Amino acid sequence: MKDLVLKSADGFPLSVKLFEPANPNGKLLLVNSATGVKQQIYFSFAKYFAENGFTVLTYDYRGINESKPEKLRGFKASMRIWGTEDFRTLTNYIQENYPDYRKFCLGHSVGALILGMNKDSRIFEKFIFVGTQDAYIGNLPWKVAVTAIFGFGIAVPLTSKLFGYFPAHTFALGESLPKGAAYDWKTLILNKKSTRRLFEKIDEDFSKTLTQEAFIIHAEDDPWVTLKGMESLMNRGYPNLKKTYREVKVSESPKGEIGHINFFRSFNKKLWKIVLDELS
């Protein structure tokens with residue numbers, strides 16, 4: 001694993017890790033993280049793919065983990081900036097350094113939603129989506145929706161105003177988030193347009209230009225992801241992608257545990273062949 005620091009077009013340094021295979025197969029996989037999830041969560045997964053010949057890149061969005069400034073209070077970052085600036089930094093690097101490779105992108109949760117914010121998403125031959133959807137409350141089970149209403153309707157604005165950022169770790173929602181990212185998350189949950197509303201807020205929406213195959217993985221025990229939410233994203237947000245769904249059953253996990261994050265835990269290594277087979 002190599003440590004890289006890539007500067008975005010607006011000059012922000014992003015922490016990037018490069019996993020190089022001993023025997024390259026001419027394929028590259030970029031991993032777009034979920035909201036508030038450290039890139040370290042994906043390291044075992046990245047190493048597995050490197051062992052199978054893939055060159056793999058992971059990174060932290062600005063405001064997260066190793067791409068975090070000294071102080072989050074008042075720091076300007078949002079999911080839209082993650083897509084238009086940070087993700088674009090990675091696709092620029094890939095095009096400059098791996099022009100002849102076959103390129104694939106895995107988007108975990110918000111990591112799939114930001115694809116429509118970057119015209120260079122077109123460089124990828126195929127997408128793998130994991131645990132992603134239009135997360136509007138109307139697409140969620142009612143118990144989860146009630147939690148979401150209180151969390152994103154009350155906790156996010158109150159704590160963000162108080163601290164100048166959202167202390168997501170306090171609510172077991174991962175890394176603390178810049179205020180702008182938290183408010184974009186709120187939009188995904190409370191605005192009926194969900195992902196499409198974020199696309200409307202950027203200068204140019206590229207979501208309808210994407211026509212690749214998308215292999216969409218969701219876990220049986222992920223309470224936040226529903227077929228209704230996934231269909232909303234694919235039919236309204238990415239209507240021209242060629243979709244295939246794959247539900248991963250709890251019985252397929254050695255520990256009987258997948259949820260929203262644990263697909264990438266090393267104890268679920270046997271599940272990674274699902275992705276490997278799709279990219280072979």
# chains A, B, ... in the order shown; residues from 1 in each chain; ligands from 1
>>> select_by_dssp(residues="region 40-99 of chain A", states="strand (DSSP E)", output="PyMOL selection string")
chain A and resi 55-59
>>> write_last_selection(atoms="C-alpha atoms", output="CSV table (one decimal), in the first residue's frame")
chain,number,residue,atom,x,y,z
A,55,THR,CA,-4.9,-1.9,-8.9
A,56,VAL,CA,-7.1,-0.4,-6.2
A,57,LEU,CA,-7.6,3.2,-4.9
A,58,THR,CA,-9.3,4.2,-1.7
A,59,TYR,CA,-9.6,7.8,-0.3
>>> closest_atom_pairs(of="region 180-208 of chain A", to="region 136-158 of chain A", cutoff="8 Å", atoms="only C-alpha atoms", output="JSON lines")
{"residue": "A:Ala182", "atom": "CA", "partner": "A:Val156", "partner_atom": "CA", "distance": 6.8}
{"residue": "A:Tyr183", "atom": "CA", "partner": "A:Val156", "partner_atom": "CA", "distance": 7.4}
{"residue": "A:Trp185", "atom": "CA", "partner": "A:Phe152", "partner_atom": "CA", "distance": 7.9}
{"residue": "A:Lys186", "atom": "CA", "partner": "A:Phe152", "partner_atom": "CA", "distance": 5.3}
{"residue": "A:Leu188", "atom": "CA", "partner": "A:Tyr136", "partner_atom": "CA", "distance": 5.8}
{"residue": "A:Ile189", "atom": "CA", "partner": "A:Tyr136", "partner_atom": "CA", "distance": 4.2}
{"residue": "A:Leu190", "atom": "CA", "partner": "A:Tyr136", "partner_atom": "CA", "distance": 5.7}
{"residue": "A:Asn191", "atom": "CA", "partner": "A:Tyr136", "partner_atom": "CA", "distance": 6.4}
{"residue": "A:Lys192", "atom": "CA", "partner": "A:Tyr136", "partner_atom": "CA", "distance": 5.8}
{"residue": "A:Lys193", "atom": "CA", "partner": "A:Tyr136", "partner_atom": "CA", "distance": 7.6}
{"residue": "A:Ser194", "atom": "CA", "partner": "A:Tyr136", "partner_atom": "CA", "distance": 5.7}
>>> residues_around(residues="Asn25 (chain A)", least_positions_apart="2", cutoff="8 Å", atoms="only C-alpha atoms", output="list of chain:residue names")
A:Asn23, A:Lys27, A:Gly53, A:Phe54
>>> atom_distance(atom1="CA of Leu115 (chain A)", atom2="CA of Glu204 (chain A)")
12.1 Å
>>> atom_distance(atom1="CA of Arg265 (chain A)", atom2="CA of Phe45 (chain A)")
7.7 Å
>>> residues_around(residues="Lys17 (chain A)", least_positions_apart="6", cutoff="10 Å", atoms="only C-alpha atoms", output="number ranges by chain")
A: 1-5, 39-40, 43, 46, 56-60
>>> residues_around(residues="region 214-216 of chain A", least_positions_apart="5", cutoff="7 Å", atoms="only C-alpha atoms", output="list in words")
Lys126, Phe127, Ile128, Phe129, Val130, Leu241, Lys242, Lys243, Thr244, Tyr245 and Arg246 of chain A
>>> atom_distance(atom1="CA of Phe19 (chain A)", atom2="CA of Phe264 (chain A)")
15.9 Å
>>> closest_residue(among="A:Leu276, A:Ala172, A:Ile114, A:Ile261", to="Phe199 (chain A)", atoms="only C-alpha atoms")
A:Ile114
>>> select_by_dssp(residues="region 51-94 of chain A", states="alpha helix (DSSP H)", output="ChimeraX atom specification")
/A:51,79-81,87-94
>>> write_last_selection(atoms="C-alpha atoms", output="mmCIF file, in the first residue's frame")
data_model
loop_
_atom_site.group_PDB
_atom_site.id
_atom_site.type_symbol
_atom_site.label_atom_id
_atom_site.label_comp_id
_atom_site.auth_asym_id
_atom_site.auth_seq_id
_atom_site.Cartn_x
_atom_site.Cartn_y
_atom_site.Cartn_z
ATOM 1 C CA GLU A 51 -4.136 -10.114 -4.673
ATOM 2 C CA MET A 79 -21.592 15.746 -0.459
ATOM 3 C CA ARG A 80 -21.828 17.911 -3.565
ATOM 4 C CA ILE A 81 -18.216 19.022 -3.133
ATOM 5 C CA PHE A 87 -14.191 12.357 -6.742
ATOM 6 C CA ARG A 88 -13.105 14.384 -9.785
ATOM 7 C CA THR A 89 -9.587 14.574 -8.340
ATOM 8 C CA LEU A 90 -9.439 10.783 -8.326
ATOM 9 C CA THR A 91 -10.791 10.374 -11.853
ATOM 10 C CA ASN A 92 -8.245 12.923 -13.100
ATOM 11 C CA TYR A 93 -5.448 10.955 -11.425
ATOM 12 C CA ILE A 94 -6.700 7.687 -12.899
#
